[in-house]
Every structure is written in structure tokens, then in C-alpha cells.
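Shown here: coords.cif, mmCIF, C-alpha atoms and all ligand atoms.
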data_protein
loop_
_atom_site.group_PDB
_atom_site.id
_atom_site.type_symbol
_atom_site.label_atom_id
_atom_site.label_comp_id
_atom_site.auth_asym_id
_atom_site.auth_seq_id
_atom_site.Cartn_x
_atom_site.Cartn_y
_atom_site.Cartn_z
ATOM 1 C CA MET O 1 -31.555 59.792 -9.981
ATOM 2 C CA SER O 2 -31.261 57.873 -13.214
ATOM 3 C CA VAL O 3 -30.435 54.236 -13.819
ATOM 4 C CA THR O 4 -28.693 52.838 -16.887
ATOM 5 C CA VAL O 5 -29.080 49.147 -17.651
ATOM 6 C CA ILE O 6 -28.652 47.183 -20.857
ATOM 7 C CA LEU O 7 -31.765 45.151 -21.637
ATOM 8 C CA PRO O 8 -32.766 42.915 -24.563
ATOM 9 C CA GLU O 9 -34.636 45.130 -27.021
ATOM 10 C CA VAL O 10 -38.264 44.476 -27.946
ATOM 11 C CA SER O 11 -37.653 44.527 -31.720
ATOM 12 C CA THR O 12 -41.257 44.307 -32.875
ATOM 13 C CA CYS O 13 -44.681 44.010 -31.318
ATOM 14 C CA GLU O 14 -47.894 43.198 -33.165
ATOM 15 C CA ALA O 15 -50.146 44.200 -30.261
ATOM 16 C CA THR O 16 -51.311 47.436 -31.883
ATOM 17 C CA ALA O 17 -54.198 47.802 -29.389
ATOM 18 C CA CYS O 18 -51.713 48.261 -26.544
ATOM 19 C CA THR O 19 -51.220 51.744 -25.113
ATOM 20 C CA TYR O 20 -47.411 51.341 -25.434
ATOM 21 C CA ASN O 21 -47.490 50.365 -29.130
ATOM 22 C CA ALA O 22 -46.727 52.814 -31.934
ATOM 23 C CA ASN O 23 -45.974 51.593 -35.463
ATOM 24 C CA HIS O 24 -45.465 47.983 -34.305
ATOM 25 C CA ARG O 25 -42.829 49.007 -31.783
ATOM 26 C CA CYS O 26 -43.108 49.010 -28.012
ATOM 27 C CA HIS O 27 -42.387 52.279 -26.191
ATOM 28 C CA ALA O 28 -42.833 51.224 -22.580
ATOM 29 C CA PRO O 29 -39.662 51.934 -20.569
ATOM 30 C CA ALA O 30 -39.382 48.198 -19.926
ATOM 31 C CA ILE O 31 -41.722 45.224 -20.090
ATOM 32 C CA THR O 32 -42.262 42.078 -18.065
ATOM 33 C CA ILE O 33 -42.734 38.780 -19.860
ATOM 34 C CA GLY O 34 -44.610 35.860 -18.411
ATOM 35 C CA ASP O 35 -47.178 34.784 -15.890
ATOM 36 C CA ALA O 36 -44.719 32.189 -14.537
ATOM 37 C CA VAL O 37 -45.997 29.603 -17.048
ATOM 38 C CA LEU O 38 -46.875 31.238 -20.380
ATOM 39 C CA PRO O 39 -44.561 33.701 -22.207
ATOM 40 C CA MET O 40 -47.210 36.412 -22.537
ATOM 41 C CA CYS O 41 -46.504 40.132 -22.275
ATOM 42 C CA ASP O 42 -47.527 41.032 -18.723
ATOM 43 C CA THR O 43 -47.222 44.777 -19.469
ATOM 44 C CA PHE O 44 -49.900 44.643 -22.222
ATOM 45 C CA MET O 45 -52.535 47.318 -21.581
ATOM 46 C CA PRO O 46 -55.232 47.785 -24.243
ATOM 47 C CA ASP O 47 -56.222 51.449 -24.554
ATOM 48 C CA SER O 48 -57.185 53.812 -27.378
ATOM 49 C CA LEU O 49 -54.663 56.330 -26.005
ATOM 50 C CA HIS O 50 -51.118 55.530 -27.178
ATOM 51 C CA VAL O 51 -47.890 56.830 -25.704
ATOM 52 C CA ALA O 52 -45.700 59.095 -27.797
ATOM 53 C CA PRO O 53 -42.936 57.184 -29.596
ATOM 54 C CA LYS O 54 -39.821 57.112 -27.446
ATOM 55 C CA PRO O 55 -36.843 54.774 -27.493
ATOM 56 C CA VAL O 56 -38.012 51.181 -27.847
ATOM 57 C CA ALA O 57 -38.631 49.048 -24.790
ATOM 58 C CA GLY O 58 -36.331 46.534 -23.184
ATOM 59 C CA VAL O 59 -37.251 43.332 -21.391
ATOM 60 C CA GLY O 60 -36.946 44.287 -17.732
ATOM 61 C CA ALA O 61 -37.985 40.944 -16.291
ATOM 62 C CA CYS O 62 -39.071 37.500 -17.430
ATOM 63 C CA LYS O 63 -40.970 35.100 -15.192
ATOM 64 C CA VAL O 64 -40.858 32.121 -17.583
ATOM 65 C CA LEU O 65 -38.138 29.935 -16.107
ATOM 66 C CA SER O 66 -38.664 27.213 -18.746
ATOM 67 C CA CYS O 67 -37.139 29.433 -21.493
ATOM 68 C CA VAL O 68 -33.542 28.811 -22.653
ATOM 69 C CA HIS O 69 -32.918 32.573 -22.573
ATOM 70 C CA ASN O 70 -33.973 32.951 -18.923
ATOM 71 C CA ARG O 71 -31.228 33.231 -16.321
ATOM 72 C CA ASP O 72 -31.994 34.363 -12.799
ATOM 73 C CA ARG O 73 -35.467 35.583 -13.917
ATOM 74 C CA ALA O 74 -33.992 37.900 -16.555
ATOM 75 C CA CYS O 75 -34.013 37.585 -20.346
ATOM 76 C CA HIS O 76 -30.595 37.099 -21.976
ATOM 77 C CA ALA O 77 -31.726 36.925 -25.620
ATOM 78 C CA ALA O 78 -30.188 39.572 -27.891
ATOM 79 C CA SER O 79 -33.700 40.890 -28.611
ATOM 80 C CA ILE O 80 -37.263 39.615 -28.619
ATOM 81 C CA ASP O 81 -40.349 39.839 -30.810
ATOM 82 C CA VAL O 82 -43.938 39.894 -29.594
ATOM 83 C CA ALA O 83 -46.906 38.636 -31.631
ATOM 84 C CA MET O 84 -50.567 38.042 -30.938
ATOM 85 C CA LYS O 85 -51.607 34.551 -29.890
ATOM 86 C CA GLY O 86 -55.373 34.781 -29.819
ATOM 87 C CA ALA O 87 -56.200 37.845 -27.699
ATOM 88 C CA GLN O 88 -52.872 37.734 -25.850
ATOM 89 C CA PRO O 89 -49.488 39.107 -26.955
ATOM 90 C CA ASP O 90 -46.789 36.444 -26.596
ATOM 91 C CA CYS O 91 -42.991 36.518 -26.767
ATOM 92 C CA THR O 92 -42.148 34.577 -29.938
ATOM 93 C CA THR O 93 -38.467 34.391 -28.962
ATOM 94 C CA TYR O 94 -39.429 31.979 -26.176
ATOM 95 C CA GLN O 95 -37.766 28.560 -26.569
ATOM 96 C CA LYS O 96 -38.615 25.789 -24.187
ATOM 97 C CA ARG O 97 -35.547 24.510 -22.352
ATOM 98 C CA SER O 98 -34.877 20.794 -22.830
ATOM 99 C CA LYS O 99 -34.419 18.989 -19.532
HETATM 100 S S1 LIG O 101 -48.036 44.269 -25.680
HETATM 101 FE FE1 LIG O 101 -46.191 44.364 -24.392
HETATM 102 S S2 LIG O 101 -44.486 44.466 -25.901
HETATM 103 FE FE2 LIG O 101 -46.386 45.003 -27.034
HETATM 104 S S3 LIG O 101 -46.515 47.272 -26.952
HETATM 105 FE FE3 LIG O 101 -47.710 46.441 -25.194
HETATM 106 S S4 LIG O 101 -46.272 46.452 -23.453
HETATM 107 FE FE4 LIG O 101 -45.056 46.610 -25.340
#

Hey, can you dump this file as C-alpha cells for me?
Amino acid sequence: MSVTVILPEVSTCEATACTYNANHRCHAPAITIGDAVLPMCDTFMPDSLHVAPKPVAGVGACKVLSCVHNRDRACHAASIDVAMKGAQPDCTTYQKRSK
């Protein structure tokens, strides 16, 4: 069985230590953003072994309900970028929702 869904693309990712990163692009099938509070990449997995480049990842789920792009725990941005914030990769497309 295969499933086709349209997800926001992960355009770039600076987490080059991640097993899913090749040439600043993410090649996980899909990623999850957030720990319910912070917009970090929850799929980040540091490893010296890197996956073979495949189609770029989509955002499968987002747990950060405070983001303007989050509807029903899914990301509705056109695409996202991920950059390092200290030792943690963060979604830089995150925008805090005004109340
Ligand atoms: S940190 Fe997240 S977005 Fe970046 S390559 Fe790893 S899984 Fe993909």
C-alpha cells in the first residue's frame, strides 16, 4: 500500500550532523516539528551514517500550536527551513501567533 499526501517541503536544513541530512537538505520521508512548546526538529538524529539522498522531506506533523502556520496540529506553511539554535535544530519558519 502506498499513501500520497502533500506536505510542506523542508527547503533547507543546517543540521549536517543528522543522519537524514545530505548537502543541507533533509531526506527523511517526513519530519515532526516541536516538543509541544519549542519549534525544534523532533526527528533530528545525530549519526555519522547518512541516508542516501532521496526526495526532500515534508513536515508530517507539528506539535507547536502557538505557530501561525499550525492548524489542527499540521503545518500549513508553503515550506520550512531548519537551522541550528545551539545544539538543537529549530524550524525558522515558526511565527508566534498573536492572541
Ligand atoms: S534535523 Fe530534522 S529537518 Fe534536519 S535533516 Fe534531521 S530530520 Fe531532517

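Take the candidates O:Ala57, O:Cys41, O:Asn70, O:Arg25 and check each one against Cys13 (chain O) using only C-alpha atoms; the shortest distance goes to O:Arg25.
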
Subject >> Selection under test: the PyMOL selection byres (((not hetatm)) within 9 of (chain O and resi 101)); residues as JSON, numbers by chain >> reply: {"O": [10, 11, 12, 13, 14, 15, 16, 17, 18, 19, 20, 21, 22, 24, 25, 26, 27, 28, 29, 30, 31, 32, 33, 40, 41, 42, 43, 44, 45, 46, 56, 57, 58, 59, 81, 82, 83, 84, 88, 89, 90, 91]}

Enclosing box along x, y and z for every listed atom of region 5-20 of chain O, padded 4 Å each side, centre and size in Å, one decimal, as lines of an AutoDock Vina configuration file:
center_x = -41.4
center_y = 47.3
center_z = -25.4
size_x = 33.5
size_y = 16.8
size_z = 23.5

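If all atoms listed in the file are the atoms counted, then among O:His50, O:His76, O:Lys99, O:Lys63 the closest residue to Pro8 (chain O) is O:His76.
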
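Nearest-residue note for Pro55 (chain O): choosing from O:Glu9, O:Ile80, O:Cys75, O:Val3, the minimum distance belongs to O:Glu9, counting only C-alpha atoms.
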
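The space separating CA of Asp35 (chain O) from CA of Ser48 (chain O) comes to 24.4 Å.
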
Please rebuild region 66-84 of chain O with N, CA and C atoms and return the result as a short mmCIF file (atom, residue, chain, number, x, y, z; two decimals), in the coordinates of the input.
data_model
loop_
_atom_site.label_atom_id
_atom_site.label_comp_id
_atom_site.auth_asym_id
_atom_site.auth_seq_id
_atom_site.Cartn_x
_atom_site.Cartn_y
_atom_site.Cartn_z
N SER O 66 -38.86 28.34 -17.81
CA SER O 66 -38.66 27.21 -18.75
C SER O 66 -38.00 27.65 -20.05
N CYS O 67 -37.73 28.95 -20.24
CA CYS O 67 -37.14 29.43 -21.49
C CYS O 67 -35.61 29.32 -21.45
N VAL O 68 -35.01 28.93 -22.58
CA VAL O 68 -33.54 28.81 -22.65
C VAL O 68 -32.84 30.16 -22.44
N HIS O 69 -33.53 31.25 -22.70
CA HIS O 69 -32.92 32.57 -22.57
C HIS O 69 -33.02 33.14 -21.15
N ASN O 70 -33.74 32.43 -20.27
CA ASN O 70 -33.97 32.95 -18.92
C ASN O 70 -32.87 32.51 -17.96
N ARG O 71 -32.20 33.52 -17.37
CA ARG O 71 -31.23 33.23 -16.32
C ARG O 71 -31.52 34.17 -15.16
N ASP O 72 -31.75 33.58 -14.00
CA ASP O 72 -31.99 34.36 -12.80
C ASP O 72 -33.18 35.32 -12.99
N ARG O 73 -34.21 34.84 -13.68
CA ARG O 73 -35.47 35.58 -13.92
C ARG O 73 -35.26 36.83 -14.77
N ALA O 74 -34.21 36.82 -15.60
CA ALA O 74 -33.99 37.90 -16.56
C ALA O 74 -33.80 37.30 -17.94
N CYS O 75 -34.15 38.05 -18.97
CA CYS O 75 -34.01 37.58 -20.35
C CYS O 75 -32.60 37.90 -20.85
N HIS O 76 -31.94 36.91 -21.44
CA HIS O 76 -30.60 37.10 -21.98
C HIS O 76 -30.55 36.90 -23.49
N ALA O 77 -31.71 36.94 -24.15
CA ALA O 77 -31.73 36.92 -25.62
C ALA O 77 -31.17 38.26 -26.10
N ALA O 78 -30.69 38.30 -27.34
CA ALA O 78 -30.19 39.57 -27.89
C ALA O 78 -31.34 40.57 -28.05
N SER O 79 -32.49 40.07 -28.45
CA SER O 79 -33.70 40.89 -28.61
C SER O 79 -34.88 39.93 -28.64
N ILE O 80 -36.08 40.48 -28.53
CA ILE O 80 -37.26 39.62 -28.62
C ILE O 80 -38.28 40.23 -29.58
N ASP O 81 -39.21 39.38 -30.02
CA ASP O 81 -40.35 39.84 -30.81
C ASP O 81 -41.61 39.40 -30.08
N VAL O 82 -42.66 40.19 -30.24
CA VAL O 82 -43.94 39.89 -29.59
C VAL O 82 -45.01 39.84 -30.67
N ALA O 83 -45.83 38.80 -30.64
CA ALA O 83 -46.91 38.64 -31.63
C ALA O 83 -48.17 38.19 -30.92
N MET O 84 -49.30 38.42 -31.55
CA MET O 84 -50.57 38.04 -30.94
C MET O 84 -50.76 36.53 -31.03
#
